[in-house]
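Okay, coords_1.txt now, which holds compact mmCIF, C-alpha atoms:
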# COMPACT_ATOMS: atom_id res chain seq x y z
CA MET D 1 -109.84 -65.41 -54.92
CA GLU D 2 -112.39 -67.21 -57.12
CA GLU D 3 -112.91 -69.90 -54.45
CA LEU D 4 -113.41 -67.15 -51.86
CA GLU D 5 -116.02 -65.50 -54.07
CA HIS D 6 -118.01 -68.76 -54.26
CA THR D 7 -117.72 -69.60 -50.56
CA CYS D 8 -118.06 -66.14 -49.00
CA PRO D 9 -119.10 -63.40 -51.44
CA GLN D 10 -119.94 -61.08 -48.53
CA LEU D 11 -116.31 -61.13 -47.31
CA VAL D 12 -114.97 -60.37 -50.79
CA THR D 13 -117.28 -57.37 -51.03
CA MET D 14 -116.04 -56.12 -47.65
CA LEU D 15 -112.41 -56.40 -48.74
CA THR D 16 -112.79 -54.78 -52.17
CA GLU D 17 -115.22 -51.95 -51.34
CA PRO D 18 -115.13 -49.23 -48.68
CA ALA D 19 -117.49 -49.27 -45.71
CA ILE D 20 -120.96 -47.87 -46.24
CA PHE D 21 -122.33 -44.68 -44.75
CA ALA D 22 -125.11 -45.00 -42.21
CA LYS D 23 -128.57 -44.09 -43.52
CA ASP D 24 -130.71 -41.43 -41.95
CA THR D 25 -133.33 -44.05 -41.21
CA SER D 26 -133.03 -46.60 -38.43
CA CYS D 27 -131.09 -49.84 -38.85
CA GLU D 28 -132.84 -52.59 -40.77
CA CYS D 29 -132.18 -55.99 -39.20
CA ARG D 30 -133.82 -59.24 -40.28
CA ALA D 31 -134.08 -60.59 -36.77
CA PRO D 32 -135.86 -58.64 -34.01
CA HIS D 33 -133.38 -56.46 -32.14
CA GLU D 34 -133.43 -57.69 -28.57
CA LYS D 35 -131.13 -56.34 -25.89
CA LEU D 36 -128.02 -58.48 -25.35
CA SER D 37 -125.78 -58.89 -22.35
CA ILE D 38 -122.01 -59.04 -22.71
CA ALA D 39 -122.04 -62.74 -21.82
CA GLN D 40 -124.60 -63.50 -24.52
CA ALA D 41 -122.68 -61.51 -27.09
CA ARG D 42 -119.44 -63.35 -26.28
CA ARG D 43 -121.13 -66.73 -26.65
CA GLY D 44 -122.14 -65.76 -30.17
CA THR D 45 -125.31 -64.75 -31.96
CA PRO D 46 -127.03 -65.91 -35.14
CA MET D 47 -125.62 -64.63 -38.43
CA ASP D 48 -128.74 -62.54 -39.05
CA ARG D 49 -128.40 -60.96 -35.61
CA PRO D 50 -124.91 -59.43 -35.40
CA VAL D 51 -123.70 -57.67 -32.28
CA ARG D 52 -123.73 -53.98 -33.20
CA VAL D 53 -120.69 -52.27 -31.65
CA TYR D 54 -120.29 -48.49 -31.81
CA ALA D 55 -116.98 -46.57 -31.59
CA ASP D 56 -116.69 -42.82 -32.06
CA GLY D 57 -113.95 -40.23 -32.26
CA ILE D 58 -112.35 -37.43 -34.25
CA PHE D 59 -109.80 -39.62 -36.11
CA ASP D 60 -107.71 -36.66 -37.28
CA LEU D 61 -104.48 -37.71 -39.04
CA PHE D 62 -105.69 -41.32 -38.98
CA HIS D 63 -102.83 -43.47 -37.64
CA SER D 64 -102.05 -46.93 -36.30
CA GLY D 65 -103.38 -46.11 -32.83
CA HIS D 66 -106.82 -45.45 -34.33
CA ALA D 67 -106.63 -48.65 -36.40
CA ARG D 68 -105.67 -50.77 -33.39
CA ALA D 69 -108.56 -49.40 -31.33
CA LEU D 70 -111.01 -50.24 -34.13
CA MET D 71 -109.46 -53.70 -34.53
CA GLN D 72 -110.08 -54.39 -30.83
CA ALA D 73 -113.69 -53.18 -31.13
CA LYS D 74 -114.26 -55.40 -34.17
CA ASN D 75 -112.93 -58.46 -32.36
CA LEU D 76 -114.79 -58.00 -29.05
CA PHE D 77 -117.43 -60.55 -30.06
CA PRO D 78 -117.57 -63.43 -32.57
CA ASN D 79 -120.27 -61.83 -34.72
CA ALA D 80 -119.59 -58.11 -34.39
CA TYR D 81 -120.75 -55.37 -36.73
CA LEU D 82 -118.64 -52.25 -36.18
CA ILE D 83 -120.24 -48.82 -36.57
CA VAL D 84 -117.86 -45.84 -36.34
CA GLY D 85 -119.14 -42.33 -35.59
CA VAL D 86 -117.06 -39.37 -36.79
CA CYS D 87 -117.72 -35.91 -35.39
CA SER D 88 -118.06 -32.97 -37.76
CA ASP D 89 -115.66 -30.05 -38.00
CA GLU D 90 -118.13 -27.75 -36.27
CA LEU D 91 -118.44 -29.92 -33.15
CA THR D 92 -114.71 -30.73 -33.06
CA HIS D 93 -113.62 -27.09 -33.34
CA LYS D 94 -116.11 -26.16 -30.64
CA TYR D 95 -115.21 -28.80 -28.03
CA LYS D 96 -111.67 -29.96 -28.88
CA GLY D 97 -109.87 -27.65 -31.28
CA PHE D 98 -108.82 -27.16 -34.85
CA THR D 99 -108.19 -30.26 -37.01
CA VAL D 100 -105.63 -30.85 -39.72
CA MET D 101 -107.98 -32.90 -41.91
CA THR D 102 -111.44 -31.83 -42.94
CA GLU D 103 -114.47 -33.86 -41.93
CA ASP D 104 -114.85 -35.32 -45.44
CA GLU D 105 -111.21 -36.45 -45.42
CA ARG D 106 -111.74 -38.05 -42.01
CA TYR D 107 -114.92 -39.81 -43.21
CA GLU D 108 -113.07 -41.30 -46.19
CA ALA D 109 -110.13 -42.38 -44.01
CA LEU D 110 -112.52 -44.41 -41.82
CA ARG D 111 -114.39 -45.89 -44.76
CA HIS D 112 -111.17 -47.46 -46.03
CA CYS D 113 -110.21 -49.12 -42.74
CA ARG D 114 -110.84 -52.86 -43.10
CA TYR D 115 -112.29 -53.25 -39.59
CA VAL D 116 -115.10 -50.73 -40.20
CA ASP D 117 -118.49 -51.90 -41.47
CA GLU D 118 -120.38 -48.59 -41.35
CA VAL D 119 -119.57 -44.89 -40.86
CA VAL D 120 -121.86 -42.39 -39.18
CA ARG D 121 -121.23 -38.83 -40.36
CA ASP D 122 -121.74 -35.87 -38.05
CA ALA D 123 -121.84 -38.10 -34.98
CA PRO D 124 -123.02 -36.52 -31.69
CA TRP D 125 -120.48 -35.44 -29.09
CA THR D 126 -122.50 -37.07 -26.32
CA LEU D 127 -124.51 -40.22 -27.04
CA THR D 128 -128.23 -39.94 -26.44
CA GLN D 129 -130.81 -42.66 -26.00
CA ASP D 130 -132.48 -41.68 -29.25
CA PHE D 131 -129.21 -42.08 -31.13
CA LEU D 132 -128.58 -45.50 -29.57
CA GLU D 133 -132.08 -46.70 -30.48
CA LYS D 134 -131.96 -45.24 -33.98
CA HIS D 135 -128.80 -47.22 -34.87
CA GLN D 136 -129.77 -50.18 -32.66
CA ILE D 137 -126.43 -50.09 -30.86
CA ASP D 138 -125.71 -52.94 -28.45
CA PHE D 139 -122.38 -51.83 -27.02
CA VAL D 140 -120.05 -48.82 -27.10
CA ALA D 141 -116.26 -49.41 -27.35
CA HIS D 142 -113.71 -46.89 -26.13
CA ASP D 143 -110.67 -46.76 -23.86
CA ASP D 144 -111.52 -46.76 -20.15
CA ILE D 145 -109.88 -43.40 -19.34
CA PRO D 146 -112.57 -40.85 -18.26
CA TYR D 147 -113.14 -38.43 -21.14
CA SER D 148 -114.04 -35.05 -19.67
CA SER D 149 -115.64 -32.69 -22.18
CA ALA D 150 -118.72 -30.55 -22.79
CA GLY D 151 -119.03 -29.74 -19.11
CA THR D 152 -119.02 -33.38 -17.89
CA GLU D 153 -116.38 -35.42 -16.11
CA ASP D 154 -116.90 -38.40 -18.41
CA VAL D 155 -119.06 -38.36 -21.56
CA TYR D 156 -119.39 -42.18 -21.35
CA LYS D 157 -120.53 -42.26 -17.73
CA HIS D 158 -124.20 -43.01 -18.52
CA ILE D 159 -123.14 -45.71 -21.03
CA LYS D 160 -121.03 -47.41 -18.36
CA GLU D 161 -123.89 -47.27 -15.88
CA ALA D 162 -126.21 -48.88 -18.42
CA GLY D 163 -123.81 -51.84 -18.87
CA MET D 164 -123.23 -51.07 -22.54
CA PHE D 165 -119.58 -49.98 -22.30
CA VAL D 166 -116.76 -52.33 -23.45
CA PRO D 167 -113.21 -50.99 -22.88
CA THR D 168 -110.37 -51.12 -25.39
CA GLN D 169 -106.65 -50.41 -24.87
CA ARG D 170 -104.83 -47.31 -26.07
CA THR D 171 -101.66 -47.66 -28.13
CA GLU D 172 -98.80 -45.97 -26.33
CA GLY D 173 -96.37 -43.74 -28.20
CA ILE D 174 -98.70 -42.65 -30.99
CA SER D 175 -101.49 -40.08 -31.06
CA THR D 176 -102.68 -37.17 -33.18
CA SER D 177 -101.31 -34.72 -30.62
CA ASP D 178 -97.87 -36.41 -30.81
CA LEU D 179 -97.83 -36.12 -34.60
CA ILE D 180 -98.76 -32.43 -34.51
CA THR D 181 -96.08 -31.84 -31.84
CA ARG D 182 -93.45 -33.36 -34.12
CA ILE D 183 -94.48 -31.09 -36.98
CA VAL D 184 -94.49 -27.96 -34.82
CA ARG D 185 -91.15 -28.86 -33.24
CA ASP D 186 -89.49 -29.38 -36.64
CA TYR D 187 -91.43 -26.65 -38.42
CA ASP D 188 -88.38 -25.20 -40.22
CA LEU D 189 -87.45 -28.60 -41.65
CA TYR D 190 -90.93 -29.23 -43.02
CA ALA D 191 -91.21 -25.68 -44.39
CA ARG D 192 -87.89 -26.09 -46.23
CA ARG D 193 -88.98 -29.54 -47.43
CA ASN D 194 -92.18 -28.18 -48.98
CA LEU D 195 -90.39 -25.23 -50.52
CA GLN D 196 -88.07 -27.69 -52.23
CA ARG D 197 -91.11 -29.59 -53.52
CA GLY D 198 -92.58 -26.56 -55.23
CA TYR D 199 -94.90 -25.00 -52.67
CA THR D 200 -94.87 -21.22 -52.56
CA ALA D 201 -94.11 -19.13 -49.50
CA LYS D 202 -97.67 -17.82 -49.63
CA GLU D 203 -99.11 -21.34 -49.49
CA LEU D 204 -96.89 -22.13 -46.51
CA ASN D 205 -97.62 -18.79 -44.82
CA VAL D 206 -93.91 -18.05 -44.73
CA SER D 207 -92.56 -14.49 -44.73
CA PHE D 208 -90.19 -13.18 -47.40
CA ILE D 209 -87.22 -13.16 -45.02
CA ASN D 210 -87.86 -16.71 -43.85
CA GLU D 211 -88.28 -17.86 -47.43
CA LYS D 212 -84.84 -16.53 -48.35
CA LYS D 213 -83.38 -18.00 -45.18
CA TYR D 214 -84.84 -21.44 -45.97
CA CYS D 215 -83.60 -21.25 -49.57
CA LEU D 216 -80.09 -20.43 -48.34
CA GLN D 217 -80.22 -23.28 -45.84
CA ASN D 218 -81.33 -25.64 -48.61
CA GLN D 219 -78.34 -24.58 -50.73
CA VAL D 220 -75.99 -25.11 -47.80
CA ASP D 221 -77.49 -28.55 -47.23
CA ARG D 222 -76.99 -29.44 -50.89
CA MET D 223 -73.35 -28.35 -50.68
CA LYS D 224 -72.91 -30.44 -47.54
CA GLU D 225 -74.42 -33.40 -49.31
CA LYS D 226 -72.03 -32.97 -52.22
CA VAL D 227 -69.05 -32.71 -49.87
CA LYS D 228 -70.26 -35.78 -48.03
CA THR D 229 -70.58 -37.66 -51.31
CA VAL D 230 -67.05 -36.65 -52.33
CA GLU D 231 -65.72 -37.71 -48.92
CA GLU D 232 -67.43 -41.08 -49.19
CA LYS D 233 -66.03 -41.59 -52.69
CA SER D 234 -62.55 -40.56 -51.55
CA LYS D 235 -62.79 -42.90 -48.57
CA HIS D 236 -63.81 -45.68 -50.92
CA PHE D 237 -60.87 -44.86 -53.21
CA VAL D 238 -58.44 -44.81 -50.27
CA CYS D 239 -59.78 -48.13 -49.06
CA ARG D 240 -59.28 -49.61 -52.50
CA VAL D 241 -55.73 -48.22 -52.68
CA GLU D 242 -54.97 -49.67 -49.25
CA GLU D 243 -56.31 -53.04 -50.32
CA LYS D 244 -54.19 -52.94 -53.47
CA SER D 245 -51.09 -51.87 -51.52
CA HIS D 246 -51.62 -54.69 -49.04
CA ASP D 247 -51.88 -57.13 -51.93
CA LEU D 248 -48.73 -55.74 -53.54
CA ILE D 249 -46.80 -55.88 -50.27
CA GLN D 250 -47.94 -59.43 -49.68
CA LYS D 251 -46.92 -60.46 -53.19
CA TRP D 252 -43.57 -58.65 -52.77
CA GLU D 253 -42.93 -60.51 -49.51
CA GLU D 254 -43.78 -63.81 -51.15
CA LYS D 255 -41.45 -63.08 -54.07
CA SER D 256 -38.65 -61.91 -51.74
CA ARG D 257 -38.96 -65.07 -49.66
CA GLU D 258 -38.82 -67.11 -52.84
CA PHE D 259 -35.75 -65.19 -54.08
CA ILE D 260 -33.93 -65.56 -50.75
CA GLY D 261 -34.77 -69.25 -50.63
CA ASN D 262 -33.45 -69.79 -54.14
CA PHE D 263 -30.30 -67.76 -53.35
CA LEU D 264 -29.58 -69.80 -50.22
CA GLU D 265 -30.28 -73.00 -52.06
CA LEU D 266 -27.72 -71.99 -54.69
CA PHE D 267 -25.07 -70.14 -52.66
CA GLY D 268 -25.64 -71.35 -49.10
CA PRO D 269 -23.30 -73.51 -47.00
CA ASP D 270 -24.70 -76.65 -48.57
CA GLY D 271 -25.69 -75.02 -51.82
CA THR D 272 -25.46 -76.31 -55.35
CA TRP D 273 -22.82 -73.74 -56.36
CA LYS D 274 -20.43 -74.91 -53.60
CA GLN D 275 -20.70 -78.50 -54.76
CA VAL D 276 -20.05 -77.49 -58.38
CA PHE D 277 -17.09 -75.31 -57.31
CA SER D 278 -15.63 -78.12 -55.17
CA GLU D 279 -15.89 -80.59 -58.03
CA ARG D 280 -14.21 -78.20 -60.48
CA SER D 281 -11.44 -77.17 -58.05
CA GLY D 282 -10.73 -80.84 -57.29
CA ARG D 283 -10.37 -81.56 -61.00
CA MET D 284 -8.02 -78.61 -61.47
CA ILE D 285 -5.80 -79.67 -58.51
CA SER D 286 -5.61 -83.26 -59.71
CA TYR D 287 -4.70 -82.03 -63.20
CA ALA D 288 -1.95 -79.80 -61.79
CA MET D 289 -0.52 -82.57 -59.61
CA SER D 290 -0.40 -85.19 -62.37
CA PRO D 291 0.16 -83.63 -65.83
CA ARG D 292 -0.21 -85.71 -68.94
CA GLY D 293 2.96 -87.55 -70.20
CA SER D 294 4.16 -87.96 -73.78
CA PRO D 295 2.44 -90.55 -75.80
CA SER D 296 4.08 -93.95 -75.46
CA ASN D 297 3.97 -94.69 -79.17
CA SER D 298 5.91 -91.51 -80.20
CA PRO D 299 9.46 -92.33 -81.54
CA PRO D 300 12.56 -91.00 -79.68
CA ARG D 301 14.35 -88.08 -81.15
CA GLN D 302 17.64 -88.99 -82.99
CA LEU D 303 20.49 -86.83 -84.10
CA SER D 304 21.45 -86.63 -87.74
CA PRO D 305 24.69 -88.57 -88.59
CA SER D 306 26.05 -85.75 -90.61
CA ARG D 307 25.88 -83.44 -87.64
CA SER D 308 27.94 -83.88 -84.50
CA PRO D 309 27.15 -82.25 -81.21
CA SER D 310 28.57 -78.79 -80.97
CA PRO D 311 31.17 -78.26 -78.26
CA PRO D 312 30.25 -76.19 -75.30
CA PHE D 313 30.73 -72.45 -75.71
CA CYS D 314 33.61 -70.89 -73.77
CA TRP D 315 34.40 -67.23 -73.43
CA PRO D 316 37.92 -66.34 -74.75
CA ARG D 317 40.47 -65.48 -72.13
CA PRO D 318 41.97 -62.06 -72.26
CA ARG D 319 45.61 -61.92 -73.33
CA PRO D 320 47.90 -60.63 -70.62
CA ALA D 321 49.84 -57.49 -71.25
CA SER D 322 53.63 -57.75 -71.74
CA PRO D 323 55.62 -57.13 -68.55
CA SER D 324 57.37 -53.89 -68.33
CA SER D 325 59.99 -55.07 -65.77
CA PRO D 326 61.61 -58.35 -64.62
CA LYS D 327 59.53 -58.30 -61.35
CA GLU D 328 56.28 -58.03 -63.20
CA ALA D 329 57.38 -60.82 -65.51
CA SER D 330 58.14 -63.17 -62.64
CA ALA D 331 54.80 -62.29 -60.94
CA SER D 332 52.80 -62.96 -64.05
CA PHE D 333 54.60 -66.19 -64.61
CA SER D 334 53.80 -67.42 -61.12
CA SER D 335 50.11 -66.52 -61.50
CA MET D 336 49.85 -68.36 -64.78
CA SER D 337 51.39 -71.44 -63.21
CA GLU D 338 48.79 -71.30 -60.42
CA GLU D 339 45.93 -71.04 -62.96
CA ASP D 340 47.31 -74.01 -64.83
CA GLU D 341 47.35 -76.02 -61.65
CA ASN D 342 43.79 -74.99 -60.93
CA ASP D 343 42.71 -76.05 -64.42
CA LYS D 344 44.28 -79.42 -63.83
Could you spell out this file's structure in structure tokens?
Amino acid sequence: MEELEHTCPQLVTMLTEPAIFAKDTSCECRAPHEKLSIAQARRGTPMDRPVRVYADGIFDLFHSGHARALMQAKNLFPNAYLIVGVCSDELTHKYKGFTVMTEDERYEALRHCRYVDEVVRDAPWTLTQDFLEKHQIDFVAHDDIPYSSAGTEDVYKHIKEAGMFVPTQRTEGISTSDLITRIVRDYDLYARRNLQRGYTAKELNVSFINEKKYCLQNQVDRMKEKVKTVEEKSKHFVCRVEEKSHDLIQKWEEKSREFIGNFLELFGPDGTWKQVFSERSGRMISYAMSPRGSPSNSPPRQLSPSRSPSPPFCWPRPRPASPSSPKEASASFSSMSEEDENDK
């Protein structure tokens, strides 16, 4: 910024201060003001002889379309000095209609546009020769669409015939009329908005019934907003729960796979438990098939000399009853002889 101040102090002043207002007296130029052709102006002029370009309008609700038109007018020639004429409220209300902004507000809006070098207050609706000479205007910039007003088909017709008209392009999709249409179309929304911001019904020219209706609608909207906030929070909570459940399920699956793998590794067909069981069962079978013998160094058992082996135990025979007759006696005798033979 300091370097810019040393090299071009004029430019710094233009960027830090608003545009000046035109004086009631005629323009004061250092060089004599000679009439220029468009070709001469495009080739360039000396620094002390800028090309004075004039653009006029209402500039109500100053927007980007206005700024673009002024940017084009400023850049028509290498050394252009842009003068902007703003019509007063009286002329505007008479020929075009009511404005949203007052004339002073519109003057200030133009003064703070960086493309503007000078502002003419209370500009005429139709340009006269005296006005052109007073402000030493070289060219007039405006879009090329015929502007019918004040009983004429085109208020710039005589400027075009004099070879002083330079056309600019309109910006599509934006205009003061479009902005006002949006406000009128959504009037209820803007009325409710300003009521919320503290404006009174009287300031907004709203009836008592409409005021109560707008207040009720505002309350309903606040309730909807709360419900929407709760829904969003609940959705967020559900999403988090779903994410956690997915993580838990995934971990459970991983653990179950690990458990099944360990189980199969231990108890499967070729598992560790089968090998251990086979080894142990083989040891048990071999132990059962070949039991341990007595130790070879143990002495044999001997009987005591004082004791002899006891004879085998025999049950005593029953004594036969005495025969009651000679036949029984002979029968018993024969049976005893047969037993004796058997014992032999």
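Closest approach to Ile180 (chain D) among D:Leu266, D:Cys87, D:Val53, D:Val100 is made by D:Val100 (distances from only C-alpha atoms).
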- Query: Distance CA of Ala123 (chain D)-CA of Asp138 (chain D), one decimal place?
  - Reply: 16.7 Å
- Place a sphere of radius 12 Å on (-125.5, -51.4, -33.4) in the file coordinates and name every protein, DNA or RNA residue with an atom inside or on its surface, counting all atoms listed in the file; give the answer as a PyMOL selection string. chain D and resi 22+26-29+33-36+49-55+74+79-85+117-120+131-141+164
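Closest to Thr92 (chain D) among D:Pro124, D:Gly173, D:Gly65, D:Pro78 is D:Pro124, based on all atoms listed in the file.
CA of Phe77 (chain D) to CA of Ala41 (chain D) spans 6.1 Å [interatomic distance, one decimal].
Residues lying within 12 Å of region 210-224 of chain D, counting only C-alpha atoms and ignoring same-chain neighbours fewer than 5 positions away, are Tyr187, Asp188, Leu189, Tyr190, Ala191, Arg192, Arg193, Asn194, Leu195, Gln196, Arg197, Gly198, Tyr199, Thr200, Ala201, Lys202, Glu203, Leu204, Asn205, Thr229, Val230 and Glu231 of chain D.
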Go ahead and write the selection's residues with C-alpha atoms as a PDB file, in the coordinates of the input.
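Listing of selection_34.pdb after writing:
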ATOM      1  CA  TYR D 187     -91.430 -26.650 -38.420  1.00  0.00           C
ATOM      2  CA  ASP D 188     -88.380 -25.200 -40.220  1.00  0.00           C
ATOM      3  CA  LEU D 189     -87.450 -28.600 -41.650  1.00  0.00           C
ATOM      4  CA  TYR D 190     -90.930 -29.230 -43.020  1.00  0.00           C
ATOM      5  CA  ALA D 191     -91.210 -25.680 -44.390  1.00  0.00           C
ATOM      6  CA  ARG D 192     -87.890 -26.090 -46.230  1.00  0.00           C
ATOM      7  CA  ARG D 193     -88.980 -29.540 -47.430  1.00  0.00           C
ATOM      8  CA  ASN D 194     -92.180 -28.180 -48.980  1.00  0.00           C
ATOM      9  CA  LEU D 195     -90.390 -25.230 -50.520  1.00  0.00           C
ATOM     10  CA  GLN D 196     -88.070 -27.690 -52.230  1.00  0.00           C
ATOM     11  CA  ARG D 197     -91.110 -29.590 -53.520  1.00  0.00           C
ATOM     12  CA  GLY D 198     -92.580 -26.560 -55.230  1.00  0.00           C
ATOM     13  CA  TYR D 199     -94.900 -25.000 -52.670  1.00  0.00           C
ATOM     14  CA  THR D 200     -94.870 -21.220 -52.560  1.00  0.00           C
ATOM     15  CA  ALA D 201     -94.110 -19.130 -49.500  1.00  0.00           C
ATOM     16  CA  LYS D 202     -97.670 -17.820 -49.630  1.00  0.00           C
ATOM     17  CA  GLU D 203     -99.110 -21.340 -49.490  1.00  0.00           C
ATOM     18  CA  LEU D 204     -96.890 -22.130 -46.510  1.00  0.00           C
ATOM     19  CA  ASN D 205     -97.620 -18.790 -44.820  1.00  0.00           C
ATOM     20  CA  THR D 229     -70.580 -37.660 -51.310  1.00  0.00           C
ATOM     21  CA  VAL D 230     -67.050 -36.650 -52.330  1.00  0.00           C
ATOM     22  CA  GLU D 231     -65.720 -37.710 -48.920  1.00  0.00           C
TER      23      GLU D 231
END
- Rounded to one decimal place, report the CA of Tyr115 (chain D)-CA of Gly57 (chain D) distance in Å. 15.0 Å
- Task: Point out the residue among D:Tyr95, D:Phe237, D:Asp186, D:Val116 with the least atom-to-atom distance to Thr152 (chain D), counting all atoms listed in the file.
- Result: D:Tyr95
Any chance you could work out the axis-aligned box around region 247-251 of chain D, listed atoms only, 6 Å on each side, giving centre and edge lengths in Å to one decimal, as AutoDock Vina command-line options?
--center_x -49.3 --center_y -58.1 --center_z -51.6 --size_x 17.1 --size_y 16.7 --size_z 15.9
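Counting all atoms listed in the file, the residue from D:Val166, D:Ile249, D:Leu110, D:Leu264 that sits nearest to Ile38 (chain D) is D:Val166.
When only C-alpha atoms are used to measure the gap to Thr168 (chain D), the shortest distance among D:Lys244, D:His66, D:Arg257, D:Arg43 belongs to D:His66.
Among the candidates D:His236, D:Lys255, D:His112, D:His142, the residue lying nearest to Gln169 (chain D) is D:His142 (atoms considered: all atoms listed in the file).
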